[in-house]
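Student: Just so it is clear, I am handing over query.cif, which has mmCIF, C-alpha atoms.
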```cif
data_final
loop_
_atom_site.group_PDB
_atom_site.id
_atom_site.type_symbol
_atom_site.label_atom_id
_atom_site.label_comp_id
_atom_site.auth_asym_id
_atom_site.auth_seq_id
_atom_site.Cartn_x
_atom_site.Cartn_y
_atom_site.Cartn_z
ATOM 1 C CA MET T 1 82.736 -34.449 351.258
ATOM 2 C CA LEU T 2 84.541 -37.020 353.382
ATOM 3 C CA SER T 3 84.550 -40.557 352.044
ATOM 4 C CA ASN T 4 83.154 -43.181 354.420
ATOM 5 C CA ASN T 5 86.578 -44.507 355.376
ATOM 6 C CA GLU T 6 87.459 -41.066 356.703
ATOM 7 C CA LYS T 7 84.260 -40.840 358.712
ATOM 8 C CA LEU T 8 84.646 -41.632 362.395
ATOM 9 C CA ILE T 9 81.935 -43.538 364.276
ATOM 10 C CA ALA T 10 81.869 -43.384 368.091
ATOM 11 C CA VAL T 11 80.384 -46.499 369.709
ATOM 12 C CA ILE T 12 78.984 -46.370 373.244
ATOM 13 C CA GLY T 13 78.809 -49.682 375.068
ATOM 14 C CA ALA T 14 81.646 -51.041 372.943
ATOM 15 C CA THR T 15 82.481 -53.811 375.430
ATOM 16 C CA GLY T 16 78.882 -55.085 375.608
ATOM 17 C CA GLN T 17 77.040 -57.471 373.291
ATOM 18 C CA GLN T 18 75.377 -54.808 371.120
ATOM 19 C CA GLY T 19 78.175 -52.252 371.062
ATOM 20 C CA GLY T 20 80.776 -54.960 370.555
ATOM 21 C CA ALA T 21 78.834 -56.271 367.571
ATOM 22 C CA VAL T 22 78.715 -52.751 366.114
ATOM 23 C CA VAL T 23 82.463 -52.228 366.562
ATOM 24 C CA ARG T 24 83.269 -55.547 364.845
ATOM 25 C CA ALA T 25 80.904 -54.932 361.927
ATOM 26 C CA LEU T 26 82.175 -51.391 361.357
ATOM 27 C CA GLN T 27 85.746 -52.670 361.355
ATOM 28 C CA ALA T 28 84.917 -55.580 359.049
ATOM 29 C CA SER T 29 83.329 -53.221 356.533
ATOM 30 C CA SER T 30 86.571 -51.194 356.219
ATOM 31 C CA GLN T 31 84.385 -48.183 355.452
ATOM 32 C CA PHE T 32 84.765 -46.244 358.695
ATOM 33 C CA LYS T 33 87.185 -45.407 361.463
ATOM 34 C CA VAL T 34 85.919 -46.664 364.807
ATOM 35 C CA ARG T 35 86.211 -44.997 368.197
ATOM 36 C CA ALA T 36 85.199 -47.312 371.035
ATOM 37 C CA LEU T 37 84.016 -45.575 374.197
ATOM 38 C CA SER T 38 84.657 -47.271 377.526
ATOM 39 C CA ARG T 39 84.767 -46.413 381.194
ATOM 40 C CA ASN T 40 88.023 -48.419 381.342
ATOM 41 C CA PRO T 41 89.870 -47.740 378.079
ATOM 42 C CA ASP T 42 93.193 -49.106 379.373
ATOM 43 C CA LYS T 43 91.634 -52.589 379.547
ATOM 44 C CA HIS T 44 90.475 -52.473 375.932
ATOM 45 C CA ARG T 45 93.210 -50.739 373.931
ATOM 46 C CA GLU T 46 92.973 -53.213 371.017
ATOM 47 C CA LEU T 47 89.207 -52.856 370.647
ATOM 48 C CA ALA T 48 89.112 -50.298 367.836
ATOM 49 C CA ASP T 49 91.102 -47.669 365.915
ATOM 50 C CA GLU T 50 90.688 -45.428 368.944
ATOM 51 C CA VAL T 51 89.602 -46.271 372.492
ATOM 52 C CA VAL T 52 88.484 -43.271 374.535
ATOM 53 C CA LYS T 53 87.316 -42.883 378.114
ATOM 54 C CA ALA T 54 83.643 -42.003 378.435
ATOM 55 C CA ASP T 55 80.937 -42.557 381.026
ATOM 56 C CA LEU T 56 77.218 -42.036 380.359
ATOM 57 C CA ASP T 57 76.777 -41.056 383.998
ATOM 58 C CA ARG T 58 79.315 -38.260 383.543
ATOM 59 C CA PRO T 59 78.099 -36.257 380.529
ATOM 60 C CA GLU T 60 81.138 -33.984 380.724
ATOM 61 C CA THR T 61 83.242 -36.929 379.439
ATOM 62 C CA LEU T 62 81.136 -37.242 376.286
ATOM 63 C CA SER T 63 82.053 -33.952 374.614
ATOM 64 C CA ALA T 64 85.649 -35.001 374.005
ATOM 65 C CA ALA T 65 84.580 -38.552 373.194
ATOM 66 C CA PHE T 66 82.318 -37.331 370.371
ATOM 67 C CA GLU T 67 84.666 -34.665 369.023
ATOM 68 C CA GLY T 68 85.227 -35.135 365.297
ATOM 69 C CA ALA T 69 82.768 -38.039 365.072
ATOM 70 C CA HIS T 70 80.492 -38.257 362.051
ATOM 71 C CA GLY T 71 78.223 -40.813 363.728
ATOM 72 C CA VAL T 72 77.343 -42.188 367.165
ATOM 73 C CA PHE T 73 75.826 -45.534 368.146
ATOM 74 C CA LEU T 74 74.133 -45.503 371.559
ATOM 75 C CA VAL T 75 72.798 -48.344 373.679
ATOM 76 C CA THR T 76 72.010 -48.122 377.393
ATOM 77 C CA ASN T 77 71.874 -50.958 379.920
ATOM 78 C CA PHE T 78 68.595 -51.099 381.846
ATOM 79 C CA TRP T 79 69.810 -54.036 383.943
ATOM 80 C CA GLU T 80 72.901 -52.308 385.343
ATOM 81 C CA GLU T 81 72.143 -51.257 388.902
ATOM 82 C CA GLY T 82 71.403 -47.561 389.310
ATOM 83 C CA THR T 83 70.980 -46.890 385.581
ATOM 84 C CA ASP T 84 68.771 -43.941 384.587
ATOM 85 C CA GLU T 85 68.406 -44.579 380.858
ATOM 86 C CA LEU T 86 66.481 -41.389 380.150
ATOM 87 C CA LYS T 87 69.112 -39.243 381.862
ATOM 88 C CA GLN T 88 72.003 -41.105 380.216
ATOM 89 C CA ALA T 89 70.523 -40.935 376.716
ATOM 90 C CA THR T 90 69.483 -37.285 377.034
ATOM 91 C CA GLY T 91 73.044 -36.369 378.002
ATOM 92 C CA ALA T 92 74.489 -38.405 375.135
ATOM 93 C CA VAL T 93 72.117 -36.893 372.555
ATOM 94 C CA ARG T 94 72.880 -33.378 373.750
ATOM 95 C CA ALA T 95 76.648 -33.952 373.730
ATOM 96 C CA ALA T 96 76.506 -35.508 370.257
ATOM 97 C CA LYS T 97 74.500 -32.611 368.870
ATOM 98 C CA ASP T 98 76.872 -30.073 370.439
ATOM 99 C CA ALA T 99 79.851 -31.931 368.953
ATOM 100 C CA GLY T 100 78.414 -31.691 365.446
ATOM 101 C CA VAL T 101 77.584 -35.364 365.001
ATOM 102 C CA LYS T 102 75.665 -35.890 361.745
ATOM 103 C CA HIS T 103 74.153 -39.383 362.175
ATOM 104 C CA PHE T 104 72.842 -40.758 365.479
ATOM 105 C CA VAL T 105 71.814 -44.416 365.792
ATOM 106 C CA TRP T 106 69.836 -45.376 368.888
ATOM 107 C CA SER T 107 69.098 -48.955 369.994
ATOM 108 C CA THR T 108 65.462 -48.873 371.083
ATOM 109 C CA LEU T 109 62.619 -51.303 371.851
ATOM 110 C CA PRO T 110 58.830 -51.342 371.284
ATOM 111 C CA VAL T 111 56.644 -49.069 373.422
ATOM 112 C CA VAL T 112 54.711 -51.741 375.311
ATOM 113 C CA GLU T 113 52.270 -49.480 377.141
ATOM 114 C CA ALA T 114 51.056 -47.866 373.902
ATOM 115 C CA ILE T 115 50.912 -51.158 371.988
ATOM 116 C CA SER T 116 48.931 -52.861 374.751
ATOM 117 C CA GLY T 117 46.709 -49.889 375.589
ATOM 118 C CA GLY T 118 48.235 -49.721 379.056
ATOM 119 C CA LYS T 119 47.535 -53.368 379.900
ATOM 120 C CA PHE T 120 51.190 -54.364 380.209
ATOM 121 C CA HIS T 121 54.021 -52.536 381.929
ATOM 122 C CA VAL T 122 57.508 -53.553 380.748
ATOM 123 C CA PRO T 123 59.967 -50.815 381.805
ATOM 124 C CA HIS T 124 63.007 -52.295 380.052
ATOM 125 C CA PHE T 125 61.143 -51.939 376.731
ATOM 126 C CA THR T 126 59.189 -48.719 377.237
ATOM 127 C CA GLY T 127 62.068 -46.936 378.983
ATOM 128 C CA LYS T 128 64.030 -47.159 375.747
ATOM 129 C CA ALA T 129 61.044 -46.253 373.564
ATOM 130 C CA LYS T 130 60.590 -43.000 375.500
ATOM 131 C CA ILE T 131 64.013 -41.883 374.287
ATOM 132 C CA ASP T 132 63.023 -42.081 370.603
ATOM 133 C CA ARG T 133 61.359 -38.663 370.752
ATOM 134 C CA ILE T 134 64.498 -37.070 372.218
ATOM 135 C CA VAL T 135 66.560 -38.439 369.332
ATOM 136 C CA LYS T 136 63.968 -37.318 366.744
ATOM 137 C CA GLU T 137 63.729 -33.800 368.132
ATOM 138 C CA ALA T 138 67.492 -33.227 368.447
ATOM 139 C CA GLY T 139 67.760 -32.229 364.802
ATOM 140 C CA PHE T 140 70.548 -34.505 363.579
ATOM 141 C CA ALA T 141 71.046 -34.553 359.803
ATOM 142 C CA ASN T 142 70.318 -38.274 360.038
ATOM 143 C CA HIS T 143 68.986 -40.539 362.758
ATOM 144 C CA THR T 144 68.147 -44.244 362.802
ATOM 145 C CA PHE T 145 66.443 -46.586 365.278
ATOM 146 C CA VAL T 146 67.602 -50.186 365.497
ATOM 147 C CA ILE T 147 65.631 -52.777 367.487
ATOM 148 C CA ALA T 148 67.380 -55.694 369.135
ATOM 149 C CA PRO T 149 65.307 -58.910 369.222
ATOM 150 C CA PHE T 150 65.036 -61.666 371.794
ATOM 151 C CA TYR T 151 68.674 -62.801 371.720
ATOM 152 C CA TYR T 152 69.309 -66.412 370.687
ATOM 153 C CA GLN T 153 72.123 -66.095 373.236
ATOM 154 C CA ASN T 154 69.539 -65.871 376.041
ATOM 155 C CA LEU T 155 68.802 -69.571 375.518
ATOM 156 C CA VAL T 156 72.341 -70.533 376.503
ATOM 157 C CA GLY T 157 72.654 -67.693 379.046
ATOM 158 C CA SER T 158 70.081 -66.118 381.339
ATOM 159 C CA LEU T 159 67.309 -68.384 379.991
ATOM 160 C CA ALA T 160 69.322 -71.578 379.588
ATOM 161 C CA PRO T 161 67.444 -74.853 380.116
ATOM 162 C CA GLN T 162 67.258 -75.967 383.736
ATOM 163 C CA LYS T 163 66.806 -79.275 385.527
ATOM 164 C CA GLN T 164 63.059 -79.542 386.223
ATOM 165 C CA ALA T 165 61.199 -81.147 389.147
ATOM 166 C CA ASP T 166 60.207 -84.135 387.002
ATOM 167 C CA GLY T 167 63.858 -84.832 386.205
ATOM 168 C CA SER T 168 63.748 -83.442 382.666
ATOM 169 C CA VAL T 169 65.926 -80.586 381.401
ATOM 170 C CA GLY T 170 64.157 -77.640 379.829
ATOM 171 C CA TRP T 171 62.063 -74.560 380.487
ATOM 172 C CA ALA T 172 59.214 -73.670 382.842
ATOM 173 C CA LEU T 173 57.880 -70.256 381.769
ATOM 174 C CA PRO T 174 54.636 -68.221 381.990
ATOM 175 C CA LEU T 175 53.951 -68.548 378.260
ATOM 176 C CA ASP T 176 51.661 -70.531 375.974
ATOM 177 C CA PRO T 177 54.270 -72.500 374.016
ATOM 178 C CA ASP T 178 52.019 -72.808 370.943
ATOM 179 C CA VAL T 179 51.769 -69.044 370.334
ATOM 180 C CA ARG T 180 54.234 -67.842 367.714
ATOM 181 C CA CYS T 181 55.282 -64.512 369.192
ATOM 182 C CA ILE T 182 59.073 -64.369 369.606
ATOM 183 C CA HIS T 183 61.068 -62.269 367.139
ATOM 184 C CA MET T 184 64.565 -63.671 367.674
ATOM 185 C CA GLY T 185 68.078 -63.157 366.397
ATOM 186 C CA ASP T 186 71.812 -63.533 366.890
ATOM 187 C CA ILE T 187 72.727 -60.271 368.598
ATOM 188 C CA THR T 188 76.230 -60.393 367.125
ATOM 189 C CA GLU T 189 74.568 -59.551 363.777
ATOM 190 C CA LEU T 190 73.074 -56.241 364.942
ATOM 191 C CA GLY T 191 76.267 -54.546 363.817
ATOM 192 C CA ASN T 192 75.493 -55.345 360.171
ATOM 193 C CA ILE T 193 72.315 -53.257 360.354
ATOM 194 C CA VAL T 194 74.038 -50.381 362.156
ATOM 195 C CA THR T 195 76.949 -50.361 359.704
ATOM 196 C CA GLY T 196 74.508 -50.436 356.783
ATOM 197 C CA ALA T 197 72.595 -47.507 358.253
ATOM 198 C CA PHE T 198 75.747 -45.403 358.550
ATOM 199 C CA ALA T 199 76.720 -46.382 354.980
ATOM 200 C CA HIS T 200 73.274 -45.621 353.495
ATOM 201 C CA PRO T 201 71.831 -42.617 355.352
ATOM 202 C CA ASP T 202 69.619 -41.810 352.374
ATOM 203 C CA GLU T 203 67.731 -45.098 352.873
ATOM 204 C CA ALA T 204 68.082 -45.591 356.634
ATOM 205 C CA GLY T 205 68.847 -42.224 358.181
ATOM 206 C CA ASN T 206 65.429 -40.584 358.189
ATOM 207 C CA GLY T 207 64.026 -42.029 361.404
ATOM 208 C CA GLU T 208 63.588 -45.572 360.071
ATOM 209 C CA TYR T 209 63.064 -48.434 362.529
ATOM 210 C CA LEU T 210 65.271 -51.411 361.664
ATOM 211 C CA PRO T 211 64.666 -54.608 363.675
ATOM 212 C CA LEU T 212 67.126 -57.502 363.690
ATOM 213 C CA VAL T 213 64.999 -60.628 363.157
ATOM 214 C CA GLY T 214 66.561 -63.959 362.249
ATOM 215 C CA ASP T 215 63.479 -66.023 363.097
ATOM 216 C CA PHE T 216 59.911 -65.745 364.406
ATOM 217 C CA MET T 217 58.930 -68.711 366.571
ATOM 218 C CA SER T 218 56.782 -70.173 369.308
ATOM 219 C CA PHE T 219 58.545 -71.767 372.278
ATOM 220 C CA ASN T 220 57.377 -75.200 371.113
ATOM 221 C CA GLU T 221 59.051 -74.492 367.769
ATOM 222 C CA ILE T 222 62.256 -73.558 369.623
ATOM 223 C CA VAL T 223 62.153 -76.772 371.665
ATOM 224 C CA GLY T 224 61.230 -78.838 368.606
ATOM 225 C CA THR T 225 64.149 -77.409 366.634
ATOM 226 C CA LEU T 226 66.567 -78.270 369.437
ATOM 227 C CA ASN T 227 65.159 -81.758 369.960
ATOM 228 C CA ARG T 228 65.476 -82.559 366.255
ATOM 229 C CA GLN T 229 69.159 -81.763 366.713
ATOM 230 C CA GLY T 230 69.500 -84.498 369.326
ATOM 231 C CA HIS T 231 68.461 -82.801 372.569
ATOM 232 C CA LYS T 232 65.654 -83.940 374.839
ATOM 233 C CA PHE T 233 64.410 -80.637 376.223
ATOM 234 C CA SER T 234 61.015 -80.147 377.850
ATOM 235 C CA PHE T 235 58.668 -77.185 378.250
ATOM 236 C CA LYS T 236 56.149 -76.648 381.020
ATOM 237 C CA PRO T 237 53.891 -73.570 381.273
ATOM 238 C CA VAL T 238 53.767 -72.080 384.777
ATOM 239 C CA PRO T 239 51.333 -69.494 386.202
ATOM 240 C CA LYS T 240 52.542 -65.923 385.847
ATOM 241 C CA GLU T 241 52.231 -65.174 389.590
ATOM 242 C CA VAL T 242 54.267 -68.287 390.490
ATOM 243 C CA PHE T 243 57.078 -67.403 388.078
ATOM 244 C CA ALA T 244 57.062 -63.726 389.138
ATOM 245 C CA ALA T 245 58.081 -64.653 392.695
ATOM 246 C CA LEU T 246 61.063 -66.829 391.753
ATOM 247 C CA PHE T 247 63.924 -64.263 391.542
ATOM 248 C CA PRO T 248 64.449 -60.470 391.576
ATOM 249 C CA ALA T 249 63.863 -59.802 387.855
ATOM 250 C CA ALA T 250 61.198 -62.506 387.450
ATOM 251 C CA ALA T 251 58.186 -60.172 387.720
ATOM 252 C CA GLU T 252 59.477 -58.003 384.856
ATOM 253 C CA MET T 253 60.229 -61.140 382.820
ATOM 254 C CA ALA T 254 56.761 -62.591 383.488
ATOM 255 C CA GLU T 255 55.135 -59.353 382.339
ATOM 256 C CA THR T 256 57.314 -59.431 379.219
ATOM 257 C CA PHE T 257 56.113 -62.932 378.350
ATOM 258 C CA SER T 258 52.488 -61.833 378.825
ATOM 259 C CA TYR T 259 53.083 -58.941 376.433
ATOM 260 C CA LEU T 260 54.765 -61.231 373.888
ATOM 261 C CA GLN T 261 51.906 -63.708 373.980
ATOM 262 C CA ALA T 262 49.315 -60.953 373.430
ATOM 263 C CA HIS T 263 51.138 -58.744 370.909
ATOM 264 C CA THR T 264 54.400 -60.478 369.740
ATOM 265 C CA TYR T 265 57.862 -59.112 370.553
ATOM 266 C CA LEU T 266 57.730 -56.298 367.977
ATOM 267 C CA GLY T 267 54.087 -55.576 368.772
ATOM 268 C CA SER T 268 52.775 -55.207 365.228
ATOM 269 C CA ASP T 269 53.135 -56.392 361.655
ATOM 270 C CA SER T 270 56.772 -55.491 361.065
ATOM 271 C CA ARG T 271 57.418 -57.271 357.770
ATOM 272 C CA ASP T 272 58.276 -54.052 355.900
ATOM 273 C CA ARG T 273 60.651 -52.914 358.638
ATOM 274 C CA ILE T 274 62.329 -56.331 358.773
ATOM 275 C CA ALA T 275 62.718 -56.374 354.975
ATOM 276 C CA LEU T 276 64.313 -52.917 355.009
ATOM 277 C CA ALA T 277 66.638 -53.906 357.871
ATOM 278 C CA ASN T 278 67.783 -56.977 355.919
ATOM 279 C CA LYS T 279 68.352 -54.874 352.806
ATOM 280 C CA ILE T 280 70.373 -52.315 354.768
ATOM 281 C CA ALA T 281 72.383 -55.101 356.445
ATOM 282 C CA GLY T 282 73.181 -56.657 353.082
ATOM 283 C CA GLY T 283 71.517 -60.012 353.740
ATOM 284 C CA ARG T 284 69.207 -62.094 355.904
ATOM 285 C CA PRO T 285 70.301 -62.757 359.488
ATOM 286 C CA THR T 286 71.024 -66.306 360.669
ATOM 287 C CA LYS T 287 67.970 -68.457 361.367
ATOM 288 C CA PHE T 288 67.651 -70.212 364.721
ATOM 289 C CA SER T 289 68.292 -73.779 363.571
ATOM 290 C CA PRO T 290 71.858 -73.286 362.246
ATOM 291 C CA TRP T 291 72.679 -70.999 365.155
ATOM 292 C CA ALA T 292 71.477 -73.612 367.645
ATOM 293 C CA ARG T 293 73.419 -76.385 365.918
ATOM 294 C CA ALA T 294 76.589 -74.349 366.377
ATOM 295 C CA ASN T 295 75.921 -73.076 369.898
ATOM 296 C CA PHE T 296 74.024 -75.683 371.923
ATOM 297 C CA GLN T 297 76.045 -78.460 373.503
ATOM 298 C CA ALA T 298 75.503 -82.074 372.474
ATOM 299 C CA LYS T 299 72.706 -84.208 373.899
ATOM 300 C CA GLU T 300 75.023 -86.315 376.041
ATOM 301 C CA GLN T 301 76.407 -83.258 377.822
ATOM 302 C CA SER T 302 73.010 -81.648 378.412
ATOM 303 C CA LEU T 303 71.611 -84.802 379.970
ATOM 304 C CA GLN T 304 74.532 -84.842 382.380
ATOM 305 C CA GLY T 305 73.362 -81.506 383.729
ATOM 306 C CA THR T 306 75.732 -79.251 381.820
ATOM 307 C CA TYR T 307 72.980 -76.618 381.624
ATOM 308 C CA LYS T 308 72.760 -74.895 384.978
#
```
Can you give me the file's structure in the form of structure tokens?
Tutor:
Amino acid sequence: MLSNNEKLIAVIGATGQQGGAVVRALQASSQFKVRALSRNPDKHRELADEVVKADLDRPETLSAAFEGAHGVFLVTNFWEEGTDELKQATGAVRAAKDAGVKHFVWSTLPVVEAISGGKFHVPHFTGKAKIDRIVKEAGFANHTFVIAPFYYQNLVGSLAPQKQADGSVGWALPLDPDVRCIHMGDITELGNIVTGAFAHPDEAGNGEYLPLVGDFMSFNEIVGTLNRQGHKFSFKPVPKEVFAALFPAAAEMAETFSYLQAHTYLGSDSRDRIALANKIAGGRPTKFSPWARANFQAKEQSLQGTYK
């Protein structure tokens, strides 16, 4: 049998937040060789032990990219224009199976329609969940599902605090801020779970679901944590239909918040799954408070309108 450090892991999406985290964690573990897959390998030659050209929209490029790989990590990008996640993932699963890949790790999300009994429709969650069956039925020796949380990074990125009509800086969202429903985490730590899964297929390679969860909070708890660190952020609930009309992806986001409020991000009691994920990762992920202290700008800057 090959030792782990001779086993090659191919990482799709290696230049993105999830794939990049997986590449870094695999490298840091010194247990595996890493092959980063990119549509533009010449731009990223230093990314991993090997950097190979591959494109999920061109399945013919995947056969060579997976050749000799023991494992594959796959994530797809719902938000990239023109993406057909089901088609991309089906092609990747088929190519990996044909190449003799032994362990397939797929980054999925909860199946909102089933959890909510059809009440909520959140395509960027359920579209990924529909792929789980394809991975299960492919017949890999081992397969693992990892679940990315609500990224802490969203709060300094796409959901950064904004200047509000009343002059305050903060958030106006279609969400009851008292409901604890947000499973959150530092997405750079997803790689620890993926690396642990590849290292321990006996414990995590039999179709287990491993969510990354650093904290579980209400939005008022998020704001309170930040304000105790010297910020003066506000929160104002807004009607779902008002928020949904604000920008192109707002309707999907509003529906997501409605789902969260009713069912939580993970959609069920996931304590056992979270505990297993932490065990496989080799430790608890970072909680929100220390992450925020390191990543949110100081009060003086935020009040000068740094957050835009």
Student: Closest to Leu276 (chain T) among T:Leu175, T:Ala28, T:Ala204, T:Ala54, using all atoms listed in the file?
Tutor: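 For Leu276 (chain T), the nearest of the candidates is T:Ala204.
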Student: If the PyMOL selection byres ((chain T and resi 99-116) around 6) is run on the structure shown, which residues does it catch, given as a PDB file with C-alpha atoms, in the frame of the given file?
Tutor:
```pdb
ATOM      1  CA  GLU T  67      84.666 -34.665 369.023  1.00  0.00           C
ATOM      2  CA  ALA T  69      82.768 -38.039 365.072  1.00  0.00           C
ATOM      3  CA  HIS T  70      80.492 -38.257 362.051  1.00  0.00           C
ATOM      4  CA  GLY T  71      78.223 -40.813 363.728  1.00  0.00           C
ATOM      5  CA  VAL T  72      77.343 -42.188 367.165  1.00  0.00           C
ATOM      6  CA  PHE T  73      75.826 -45.534 368.146  1.00  0.00           C
ATOM      7  CA  LEU T  74      74.133 -45.503 371.559  1.00  0.00           C
ATOM      8  CA  VAL T  75      72.798 -48.344 373.679  1.00  0.00           C
ATOM      9  CA  ALA T  96      76.506 -35.508 370.257  1.00  0.00           C
ATOM     10  CA  LYS T  97      74.500 -32.611 368.870  1.00  0.00           C
ATOM     11  CA  ASP T  98      76.872 -30.073 370.439  1.00  0.00           C
ATOM     12  CA  GLY T 117      46.709 -49.889 375.589  1.00  0.00           C
ATOM     13  CA  GLY T 118      48.235 -49.721 379.056  1.00  0.00           C
ATOM     14  CA  LYS T 119      47.535 -53.368 379.900  1.00  0.00           C
ATOM     15  CA  PHE T 120      51.190 -54.364 380.209  1.00  0.00           C
ATOM     16  CA  HIS T 121      54.021 -52.536 381.929  1.00  0.00           C
ATOM     17  CA  PHE T 125      61.143 -51.939 376.731  1.00  0.00           C
ATOM     18  CA  THR T 126      59.189 -48.719 377.237  1.00  0.00           C
ATOM     19  CA  LYS T 128      64.030 -47.159 375.747  1.00  0.00           C
ATOM     20  CA  ALA T 129      61.044 -46.253 373.564  1.00  0.00           C
ATOM     21  CA  PHE T 140      70.548 -34.505 363.579  1.00  0.00           C
ATOM     22  CA  ALA T 141      71.046 -34.553 359.803  1.00  0.00           C
ATOM     23  CA  ASN T 142      70.318 -38.274 360.038  1.00  0.00           C
ATOM     24  CA  HIS T 143      68.986 -40.539 362.758  1.00  0.00           C
ATOM     25  CA  THR T 144      68.147 -44.244 362.802  1.00  0.00           C
ATOM     26  CA  PHE T 145      66.443 -46.586 365.278  1.00  0.00           C
ATOM     27  CA  VAL T 146      67.602 -50.186 365.497  1.00  0.00           C
ATOM     28  CA  ILE T 147      65.631 -52.777 367.487  1.00  0.00           C
TER      29      ILE T 147
END
```
Student: Got a sec: who's within 7 Å of region 248-257 of chain T, counting only C-alpha atoms, leaving out chain neighbours fewer than 3 positions off, as a PyMOL selection string?
Tutor: chain T and resi 120-122+174-175+240+243-245+260-261
Student: What's around Gly224 (chain T) at 12 Å? Count only C-alpha atoms, leave out sequence neighbours fewer than 4 positions away in its own chain, and write the answer as an MDAnalysis selection string.
Tutor: chainID T and resid 170 177:178 217:220 228:235 288:289 292
Student: Set the distance at 7 Å and use only C-alpha atoms: which residues neighbour Ala92 (chain T) once local chain neighbours fewer than 2 positions away are removed? I'd like the list as a PDB file with C-alpha atoms, in the coordinates of the input.
Tutor:
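So out.pdb came out as:
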```pdb
ATOM      1  CA  LEU T  56      77.218 -42.036 380.359  1.00  0.00           C
ATOM      2  CA  PRO T  59      78.099 -36.257 380.529  1.00  0.00           C
ATOM      3  CA  LEU T  62      81.136 -37.242 376.286  1.00  0.00           C
ATOM      4  CA  GLN T  88      72.003 -41.105 380.216  1.00  0.00           C
ATOM      5  CA  ALA T  89      70.523 -40.935 376.716  1.00  0.00           C
ATOM      6  CA  THR T  90      69.483 -37.285 377.034  1.00  0.00           C
ATOM      7  CA  ARG T  94      72.880 -33.378 373.750  1.00  0.00           C
ATOM      8  CA  ALA T  95      76.648 -33.952 373.730  1.00  0.00           C
ATOM      9  CA  ALA T  96      76.506 -35.508 370.257  1.00  0.00           C
TER      10      ALA T  96
END
```
Student: If I take CA of Ala48 (chain T) and CA of Gly19 (chain T), how far is one from the other in Å, to one decimal?
Tutor: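 Here the two named atoms are 11.6 Å from each other.
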Student: Quick one: of T:His183, T:Arg39, T:Lys7, T:His200, who's nearest to Arg271 (chain T), counting only C-alpha atoms?
Tutor: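 Using only C-alpha atoms, the shortest distance to Arg271 (chain T) belongs to T:His183.
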Student: Write region 14-25 of chain T as a PDB file, in the coordinates of the input, completed to N, CA and C atoms.
Tutor:
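So part-v6.pdb came out as:
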```pdb
ATOM      1  N   ALA T  14      80.829 -50.260 373.879  1.00  0.00           N
ATOM      2  CA  ALA T  14      81.646 -51.041 372.943  1.00  0.00           C
ATOM      3  C   ALA T  14      82.099 -52.380 373.514  1.00  0.00           C
ATOM      4  N   THR T  15      82.070 -52.529 374.841  1.00  0.00           N
ATOM      5  CA  THR T  15      82.481 -53.811 375.430  1.00  0.00           C
ATOM      6  C   THR T  15      81.294 -54.732 375.694  1.00  0.00           C
ATOM      7  N   GLY T  16      80.070 -54.264 375.402  1.00  0.00           N
ATOM      8  CA  GLY T  16      78.882 -55.085 375.608  1.00  0.00           C
ATOM      9  C   GLY T  16      78.526 -55.871 374.359  1.00  0.00           C
ATOM     10  N   GLN T  17      77.415 -56.621 374.424  1.00  0.00           N
ATOM     11  CA  GLN T  17      77.040 -57.471 373.291  1.00  0.00           C
ATOM     12  C   GLN T  17      76.637 -56.647 372.065  1.00  0.00           C
ATOM     13  N   GLN T  18      75.808 -55.609 372.266  1.00  0.00           N
ATOM     14  CA  GLN T  18      75.377 -54.808 371.120  1.00  0.00           C
ATOM     15  C   GLN T  18      76.507 -53.923 370.598  1.00  0.00           C
ATOM     16  N   GLY T  19      77.103 -53.152 371.489  1.00  0.00           N
ATOM     17  CA  GLY T  19      78.175 -52.252 371.062  1.00  0.00           C
ATOM     18  C   GLY T  19      79.356 -53.007 370.479  1.00  0.00           C
ATOM     19  N   GLY T  20      79.685 -54.145 371.079  1.00  0.00           N
ATOM     20  CA  GLY T  20      80.776 -54.960 370.555  1.00  0.00           C
ATOM     21  C   GLY T  20      80.485 -55.439 369.148  1.00  0.00           C
ATOM     22  N   ALA T  21      79.232 -55.838 368.908  1.00  0.00           N
ATOM     23  CA  ALA T  21      78.834 -56.271 367.571  1.00  0.00           C
ATOM     24  C   ALA T  21      78.966 -55.128 366.566  1.00  0.00           C
ATOM     25  N   VAL T  22      78.623 -53.916 366.999  1.00  0.00           N
ATOM     26  CA  VAL T  22      78.715 -52.751 366.114  1.00  0.00           C
ATOM     27  C   VAL T  22      80.174 -52.444 365.793  1.00  0.00           C
ATOM     28  N   VAL T  23      81.033 -52.471 366.795  1.00  0.00           N
ATOM     29  CA  VAL T  23      82.463 -52.228 366.562  1.00  0.00           C
ATOM     30  C   VAL T  23      83.015 -53.224 365.542  1.00  0.00           C
ATOM     31  N   ARG T  24      82.719 -54.510 365.739  1.00  0.00           N
ATOM     32  CA  ARG T  24      83.269 -55.547 364.845  1.00  0.00           C
ATOM     33  C   ARG T  24      82.753 -55.391 363.413  1.00  0.00           C
ATOM     34  N   ALA T  25      81.467 -55.076 363.271  1.00  0.00           N
ATOM     35  CA  ALA T  25      80.904 -54.932 361.927  1.00  0.00           C
ATOM     36  C   ALA T  25      81.461 -53.696 361.224  1.00  0.00           C
TER      37      ALA T  25
END
```
